[in-house]
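Dropping start34.txt in here (compact mmCIF, C-alpha atoms and all ligand atoms):
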```txt
# COMPACT_ATOMS: atom_id res chain seq x y z
CA MET H 1 15.06 -32.17 20.86
CA LYS H 2 12.00 -30.69 19.19
CA VAL H 3 10.98 -27.06 19.70
CA LEU H 4 7.73 -25.25 18.93
CA TYR H 5 7.92 -21.60 17.88
CA PRO H 6 4.33 -20.25 17.98
CA GLY H 7 3.13 -16.89 16.73
CA SER H 8 0.70 -14.92 14.60
CA PHE H 9 3.26 -14.10 11.89
CA ASP H 10 0.99 -11.39 10.48
CA PRO H 11 3.38 -11.08 8.66
CA ILE H 12 6.69 -12.84 9.37
CA THR H 13 9.48 -10.25 9.81
CA ASN H 14 13.27 -10.44 9.60
CA GLY H 15 13.27 -10.63 13.41
CA HIS H 16 11.22 -13.85 13.27
CA VAL H 17 13.46 -15.26 10.53
CA ASP H 18 16.54 -14.55 12.64
CA VAL H 19 14.99 -16.36 15.63
CA ILE H 20 14.07 -19.37 13.46
CA GLN H 21 17.58 -19.61 11.96
CA ARG H 22 19.24 -19.42 15.38
CA VAL H 23 16.84 -21.87 17.02
CA ALA H 24 17.30 -24.31 14.11
CA ARG H 25 21.03 -24.44 14.98
CA LEU H 26 20.25 -25.33 18.59
CA PHE H 27 17.51 -27.95 18.18
CA ASP H 28 17.11 -31.04 15.98
CA GLU H 29 13.66 -30.03 14.82
CA VAL H 30 11.78 -26.74 14.80
CA ILE H 31 8.02 -26.44 14.27
CA VAL H 32 6.90 -22.95 13.39
CA ALA H 33 3.27 -22.89 14.52
CA VAL H 34 1.14 -20.20 12.91
CA LEU H 35 -1.94 -19.30 14.95
CA ASN H 36 -5.29 -19.69 13.24
CA ASN H 37 -7.22 -17.39 15.54
CA GLN H 38 -10.90 -17.10 14.70
CA SER H 39 -11.50 -14.20 17.07
CA LYS H 40 -8.40 -12.08 16.42
CA GLU H 41 -8.46 -9.71 13.47
CA GLU H 42 -5.51 -10.73 11.38
CA PHE H 43 -4.78 -8.77 8.25
CA ILE H 44 -3.22 -11.60 6.28
CA PRO H 45 -5.32 -14.75 5.75
CA LEU H 46 -3.94 -17.90 7.36
CA GLU H 47 -3.05 -19.61 4.07
CA ASP H 48 -1.04 -16.59 2.96
CA ARG H 49 0.72 -16.29 6.32
CA LEU H 50 1.73 -19.94 6.08
CA LYS H 51 2.97 -19.52 2.52
CA LEU H 52 4.99 -16.42 3.41
CA VAL H 53 6.62 -18.14 6.40
CA ARG H 54 7.47 -21.19 4.28
CA GLU H 55 9.02 -19.10 1.53
CA ALA H 56 10.91 -16.88 3.97
CA ILE H 57 12.67 -19.81 5.66
CA ASP H 58 12.89 -22.09 2.66
CA ASP H 59 16.64 -22.60 3.12
CA VAL H 60 16.45 -23.76 6.75
CA LYS H 61 16.31 -27.54 6.57
CA ASN H 62 15.12 -28.79 9.96
CA VAL H 63 12.06 -26.55 10.13
CA SER H 64 8.42 -27.30 9.35
CA VAL H 65 5.60 -24.77 9.21
CA GLU H 66 2.12 -25.67 10.43
CA SER H 67 -1.04 -23.93 11.55
CA PHE H 68 -2.76 -24.49 14.87
CA SER H 69 -5.79 -23.27 16.75
CA GLY H 70 -6.66 -23.41 20.43
CA LEU H 71 -4.06 -23.55 23.16
CA THR H 72 -0.38 -23.43 22.28
CA VAL H 73 0.48 -25.96 24.98
CA GLN H 74 -2.07 -28.42 23.68
CA TYR H 75 -0.61 -28.15 20.21
CA ALA H 76 2.94 -28.45 21.57
CA GLN H 77 1.99 -31.63 23.38
CA THR H 78 0.11 -33.08 20.41
CA ARG H 79 3.20 -32.54 18.25
CA GLY H 80 5.56 -33.93 20.90
CA ALA H 81 7.51 -30.69 21.35
CA ASP H 82 10.00 -30.69 24.23
CA VAL H 83 9.98 -26.93 24.62
CA ILE H 84 8.36 -23.70 23.41
CA VAL H 85 10.55 -20.85 22.22
CA ARG H 86 9.75 -17.15 22.04
CA GLY H 87 11.82 -14.14 21.06
CA LEU H 88 12.28 -11.18 23.38
CA ARG H 89 12.88 -7.85 21.67
CA ALA H 90 12.92 -5.51 24.63
CA PRO H 91 12.06 -5.33 28.35
CA SER H 92 8.55 -4.27 27.35
CA ASP H 93 7.97 -7.76 25.91
CA PHE H 94 8.95 -9.39 29.15
CA GLU H 95 5.80 -8.85 31.20
CA TYR H 96 3.49 -10.43 28.62
CA GLU H 97 5.89 -13.25 27.85
CA LEU H 98 6.50 -14.03 31.52
CA GLU H 99 2.78 -14.40 32.13
CA MET H 100 2.25 -16.48 29.02
CA SER H 101 5.13 -18.82 29.85
CA GLN H 102 3.84 -19.28 33.39
CA ILE H 103 0.29 -20.00 32.18
CA ASN H 104 1.67 -22.46 29.66
CA TYR H 105 3.82 -24.13 32.32
CA PHE H 106 0.78 -24.43 34.60
CA LEU H 107 -1.54 -25.73 31.86
CA SER H 108 0.90 -28.32 30.61
CA ASN H 109 2.24 -29.51 33.93
CA GLY H 110 5.75 -28.37 33.21
CA LEU H 111 6.38 -27.56 29.56
CA GLU H 112 9.25 -25.08 29.54
CA THR H 113 9.42 -21.88 27.49
CA LEU H 114 12.88 -20.73 26.45
CA PHE H 115 13.54 -17.15 25.39
CA ILE H 116 15.95 -16.01 22.77
CA MET H 117 17.02 -12.38 22.66
CA THR H 118 16.24 -10.73 19.38
CA ASN H 119 19.22 -9.61 17.36
CA PRO H 120 19.56 -5.85 18.16
CA LYS H 121 19.38 -5.18 14.39
CA TYR H 122 15.73 -6.23 14.53
CA SER H 123 14.65 -5.28 18.03
CA PHE H 124 12.34 -2.46 16.89
CA ILE H 125 10.47 -4.51 14.31
CA ARG H 126 6.98 -5.76 15.00
CA SER H 127 4.40 -7.04 12.50
CA SER H 128 1.83 -4.37 13.35
CA ARG H 129 4.39 -1.59 12.79
CA VAL H 130 5.38 -3.08 9.44
CA LYS H 131 1.74 -2.96 8.27
CA GLU H 132 1.33 0.59 9.49
CA LEU H 133 4.50 1.65 7.67
CA VAL H 134 3.35 0.08 4.42
CA SER H 135 -0.05 1.74 4.62
CA LEU H 136 1.60 5.14 5.18
CA GLY H 137 4.22 4.73 2.47
CA GLY H 138 7.16 4.05 4.82
CA GLU H 139 10.19 2.04 3.76
CA ILE H 140 10.15 -1.57 5.00
CA LYS H 141 12.40 -3.37 2.53
CA GLU H 142 15.07 -4.10 5.14
CA LEU H 143 12.62 -5.16 7.84
CA VAL H 144 10.90 -8.11 6.19
CA PRO H 145 11.74 -10.99 3.84
CA ASN H 146 11.47 -10.12 0.16
CA VAL H 147 8.33 -12.23 -0.32
CA VAL H 148 6.58 -10.29 2.42
CA PHE H 149 7.69 -6.96 0.99
CA LYS H 150 6.17 -7.84 -2.40
CA TYR H 151 3.01 -9.28 -0.84
CA LEU H 152 2.28 -6.26 1.33
CA TYR H 153 2.77 -3.73 -1.40
CA GLN H 154 0.38 -5.69 -3.62
CA LYS H 155 -2.29 -6.12 -0.97
CA MET H 156 -2.26 -2.98 1.11
CA PRO H 157 -3.89 0.24 0.04
CA LEU H 158 -1.80 3.34 0.60
CA ARG H 159 -3.45 5.68 3.14
CA LYS H 160 -3.13 9.34 2.28
O1 LIG I 1 3.07 -13.51 17.41
P1 LIG I 1 2.25 -13.30 18.65
O2 LIG I 1 0.91 -12.66 18.30
O3 LIG I 1 2.99 -12.55 19.71
O4 LIG I 1 1.94 -14.77 19.22
C1 LIG I 1 1.11 -14.95 20.33
C2 LIG I 1 0.75 -16.43 20.52
C3 LIG I 1 0.17 -17.02 19.26
C4 LIG I 1 1.98 -17.22 20.89
C5 LIG I 1 -0.28 -16.48 21.70
O5 LIG I 1 -1.32 -15.59 21.44
C6 LIG I 1 -0.84 -17.87 21.92
O6 LIG I 1 -0.16 -18.74 22.42
N1 LIG I 1 -2.11 -18.07 21.52
C7 LIG I 1 -2.80 -19.33 21.61
C8 LIG I 1 -3.80 -19.35 22.76
C9 LIG I 1 -3.13 -19.72 24.06
O7 LIG I 1 -2.45 -20.72 24.19
N2 LIG I 1 -3.35 -18.88 25.12
C10 LIG I 1 -2.88 -19.15 26.46
C11 LIG I 1 -1.52 -18.57 26.72
S1 LIG I 1 -1.70 -17.02 27.48
```
Structure translated into structure tokens:
Amino acid sequence: MKVLYPGSFDPITNGHVDVIQRVARLFDEVIVAVLNNQSKEEFIPLEDRLKLVREAIDDVKNVSVESFSGLTVQYAQTRGADVIVRGLRAPSDFEYELEMSQINYFLSNGLETLFIMTNPKYSFIRSSRVKELVSLGGEIKELVPNVVFKYLYQKMPLRK
């Protein structure tokens, strides 16, 4: 079975990596689909987000990393994915994810979304918080892959 794991990955965090590693043990093939969203303000350019995801999960063999634009379900169908997977960190994620999975089910005529519960070690990590922490001089070394840590400290100005 082939699974699509879509997201912004702006940047990829250790929580995402944990989801990818666990999903890769459950499915034959995992496609990590990085959103190329023209309208959303992403801090990290698409090419860099792709590179960081690839480097962060380099050791996971049955995973490919691709970019997509438009609807997730359309991309999932184009790539022949059997299912979409999303991580759930906390109950607060549930409302948004429930709606998105139901829209995707409706749009695709039945493509299922499976949820995987984030490892509690990472349940408080989100990409936007990581960027905020870096800009304010907070410690993020244990929250993100090493490549992301180096990248962010090179690219982000420290706010005083
Ligand atoms: O990492 P994120 O930002 O939580 O990922 C959100 C993502 C990319 C999965 C979501 O925004 C998405 O699917 N965008 C593509 C557009 C789409 O399909 N919208 C309809 C579903 S509500």
Report task. Name each residue within 8 Å of ligand LIG 1 (chain I), counting all atoms listed in the file, as a count of residues only. Result -> 21
Rows by chain and residue number, segment 46-140 of chain H within 10 Å of segment 17-26 of chain H, shortest pair, only C-alpha atoms, as a Markdown table:
```
| residue | atom | partner | partner_atom | distance |
| --- | --- | --- | --- | --- |
| H:Val53 | CA | H:Val17 | CA | 8.5 |
| H:Ala56 | CA | H:Val17 | CA | 7.2 |
| H:Ile57 | CA | H:Val17 | CA | 6.7 |
| H:Asp59 | CA | H:Gln21 | CA | 9.4 |
| H:Val60 | CA | H:Gln21 | CA | 6.8 |
| H:Lys61 | CA | H:Ala24 | CA | 8.3 |
| H:Asn62 | CA | H:Ala24 | CA | 6.5 |
| H:Val63 | CA | H:Ala24 | CA | 7.0 |
| H:Val85 | CA | H:Val23 | CA | 8.2 |
| H:Arg86 | CA | H:Val19 | CA | 8.3 |
| H:Gly87 | CA | H:Val19 | CA | 6.7 |
| H:Leu88 | CA | H:Val19 | CA | 9.7 |
| H:Phe115 | CA | H:Val19 | CA | 9.9 |
| H:Ile116 | CA | H:Val19 | CA | 7.2 |
| H:Met117 | CA | H:Val19 | CA | 8.3 |
| H:Thr118 | CA | H:Val19 | CA | 6.9 |
| H:Asn119 | CA | H:Asp18 | CA | 7.3 |
| H:Lys121 | CA | H:Asp18 | CA | 9.9 |
| H:Tyr122 | CA | H:Asp18 | CA | 8.6 |
```
With 8 Å as the cut-off and all atoms listed in the file counted, what is the closest atom pair between each nearby residue of segment 9-126 of chain H and segment 139-158 of chain H? Distances in Å to one decimal, ordered by chain and number, as a Markdown table.
```
| residue | atom | partner | partner_atom | distance |
| --- | --- | --- | --- | --- |
| H:Pro11 | CA | H:Val148 | CA | 7.1 |
| H:Ile12 | CA | H:Val144 | CA | 7.1 |
| H:Thr13 | CA | H:Val144 | CA | 4.4 |
| H:Asn14 | CA | H:Val144 | CA | 4.8 |
| H:Gly15 | CA | H:Leu143 | CA | 7.8 |
| H:Leu52 | CA | H:Val148 | CA | 6.4 |
| H:Glu55 | CA | H:Val147 | CA | 7.1 |
| H:Ala56 | CA | H:Pro145 | CA | 5.9 |
| H:Tyr122 | CA | H:Leu143 | CA | 7.5 |
| H:Ile125 | CA | H:Leu143 | CA | 6.8 |
```
Query - Between atom CA of Val32 of chain H and atom CA of Leu114 of chain H, distance in Å (one decimal) - result: 14.5 Å
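Between atom CA of Leu50 of chain H and atom CA of Glu29 of chain H there is a distance of 17.9 Å.
The coordinates place atom CA of Glu95 of chain H at 28.4 Å from atom CA of Pro45 of chain H.
For the residues H:Arg126, H:Lys131, H:Phe94, H:Val83, ranking by smallest atom-to-atom distance to Gly110 of chain H using only C-alpha atoms places H:Val83 first.
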Requested in this report: Counting all atoms listed in the file, write as a PyMOL selection string all protein and nucleic acid residues lying at most 7 Å from (8.0, -26.2, 23.8) in the file's frame.
Outcome: chain H and resi 3-4+76+81-85+111-113
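Comparing H:Arg129, H:His16, H:Lys2, H:Lys51 by their smallest distance to Val30 of chain H, the closest is H:Lys2 (using all atoms listed in the file).
With all atoms listed in the file as the basis for measurement, H:Glu42 is the residue among H:Glu97, H:Glu42, H:Thr78, H:Ile31 that approaches Ser127 of chain H most closely.
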Coordinate excerpt as a CSV table (one decimal), in the first residue's frame: segment 88-111 of chain H, N, CA, C and O atoms:
```csv
chain,number,residue,atom,x,y,z
H,88,LEU,N,-1.5,13.7,14.5
H,88,LEU,CA,-2.3,14.5,15.5
H,88,LEU,C,-1.5,14.7,16.8
H,88,LEU,O,-1.1,13.7,17.4
H,89,ARG,N,-1.2,15.9,17.1
H,89,ARG,CA,-0.4,16.2,18.3
H,89,ARG,C,-1.2,16.3,19.5
H,89,ARG,O,-0.8,15.9,20.6
H,90,ALA,N,-2.4,16.9,19.4
H,90,ALA,CA,-3.2,17.2,20.6
H,90,ALA,C,-4.7,17.3,20.2
H,90,ALA,O,-5.0,17.5,19.0
H,91,PRO,N,-5.6,17.3,21.1
H,91,PRO,CA,-7.0,17.5,20.8
H,91,PRO,C,-7.3,18.7,19.9
H,91,PRO,O,-8.2,18.8,19.1
H,92,SER,N,-6.5,19.8,20.2
H,92,SER,CA,-6.7,21.0,19.4
H,92,SER,C,-6.5,20.8,17.9
H,92,SER,O,-7.0,21.6,17.1
H,93,ASP,N,-5.7,19.8,17.5
H,93,ASP,CA,-5.5,19.6,16.1
H,93,ASP,C,-6.7,18.9,15.5
H,93,ASP,O,-6.9,19.0,14.2
H,94,PHE,N,-7.5,18.3,16.3
H,94,PHE,CA,-8.5,17.4,15.8
H,94,PHE,C,-9.6,18.1,14.9
H,94,PHE,O,-10.0,17.6,13.9
H,95,GLU,N,-10.0,19.3,15.4
H,95,GLU,CA,-11.1,19.9,14.7
H,95,GLU,C,-10.8,20.2,13.2
H,95,GLU,O,-11.5,19.9,12.3
H,96,TYR,N,-9.6,20.8,13.1
H,96,TYR,CA,-9.1,21.1,11.7
H,96,TYR,C,-8.9,19.9,10.9
H,96,TYR,O,-9.3,19.8,9.7
H,97,GLU,N,-8.3,18.9,11.5
H,97,GLU,CA,-8.0,17.7,10.7
H,97,GLU,C,-9.2,16.9,10.4
H,97,GLU,O,-9.3,16.3,9.3
H,98,LEU,N,-10.2,16.9,11.3
H,98,LEU,CA,-11.5,16.2,11.0
H,98,LEU,C,-12.1,16.8,9.7
H,98,LEU,O,-12.5,16.1,8.8
H,99,GLU,N,-12.2,18.2,9.7
H,99,GLU,CA,-12.8,18.9,8.6
H,99,GLU,C,-12.0,18.6,7.3
H,99,GLU,O,-12.6,18.3,6.3
H,100,MET,N,-10.7,18.7,7.4
H,100,MET,CA,-9.9,18.4,6.2
H,100,MET,C,-10.1,17.0,5.7
H,100,MET,O,-10.2,16.8,4.5
H,101,SER,N,-10.1,16.1,6.6
H,101,SER,CA,-10.3,14.7,6.1
H,101,SER,C,-11.6,14.4,5.5
H,101,SER,O,-11.8,13.7,4.5
H,102,GLN,N,-12.7,15.1,6.1
H,102,GLN,CA,-14.0,14.9,5.5
H,102,GLN,C,-14.1,15.6,4.1
H,102,GLN,O,-14.7,15.1,3.2
H,103,ILE,N,-13.5,16.8,4.0
H,103,ILE,CA,-13.5,17.5,2.7
H,103,ILE,C,-12.8,16.6,1.7
H,103,ILE,O,-13.2,16.3,0.6
H,104,ASN,N,-11.6,16.0,2.1
H,104,ASN,CA,-10.9,15.2,1.2
H,104,ASN,C,-11.6,13.9,0.8
H,104,ASN,O,-11.6,13.5,-0.4
H,105,TYR,N,-12.3,13.4,1.7
H,105,TYR,CA,-13.1,12.2,1.5
H,105,TYR,C,-14.2,12.5,0.4
H,105,TYR,O,-14.4,11.8,-0.5
H,106,PHE,N,-14.9,13.6,0.7
H,106,PHE,CA,-15.9,14.1,-0.2
H,106,PHE,C,-15.4,14.4,-1.6
H,106,PHE,O,-15.9,13.9,-2.6
H,107,LEU,N,-14.3,15.1,-1.7
H,107,LEU,CA,-13.7,15.5,-3.0
H,107,LEU,C,-13.2,14.3,-3.8
H,107,LEU,O,-13.3,14.3,-5.1
H,108,SER,N,-12.8,13.3,-3.1
H,108,SER,CA,-12.1,12.2,-3.8
H,108,SER,C,-13.0,11.0,-4.0
H,108,SER,O,-12.6,10.0,-4.5
H,109,ASN,N,-14.3,11.1,-3.5
H,109,ASN,CA,-15.2,10.0,-3.5
H,109,ASN,C,-14.6,8.8,-2.8
H,109,ASN,O,-14.6,7.7,-3.2
H,110,GLY,N,-14.1,9.1,-1.6
H,110,GLY,CA,-13.8,8.0,-0.7
H,110,GLY,C,-12.3,7.7,-0.3
H,110,GLY,O,-12.0,6.7,0.2
H,111,LEU,N,-11.4,8.7,-0.6
H,111,LEU,CA,-10.0,8.5,-0.2
H,111,LEU,C,-9.9,8.7,1.4
H,111,LEU,O,-10.4,9.7,1.9
```
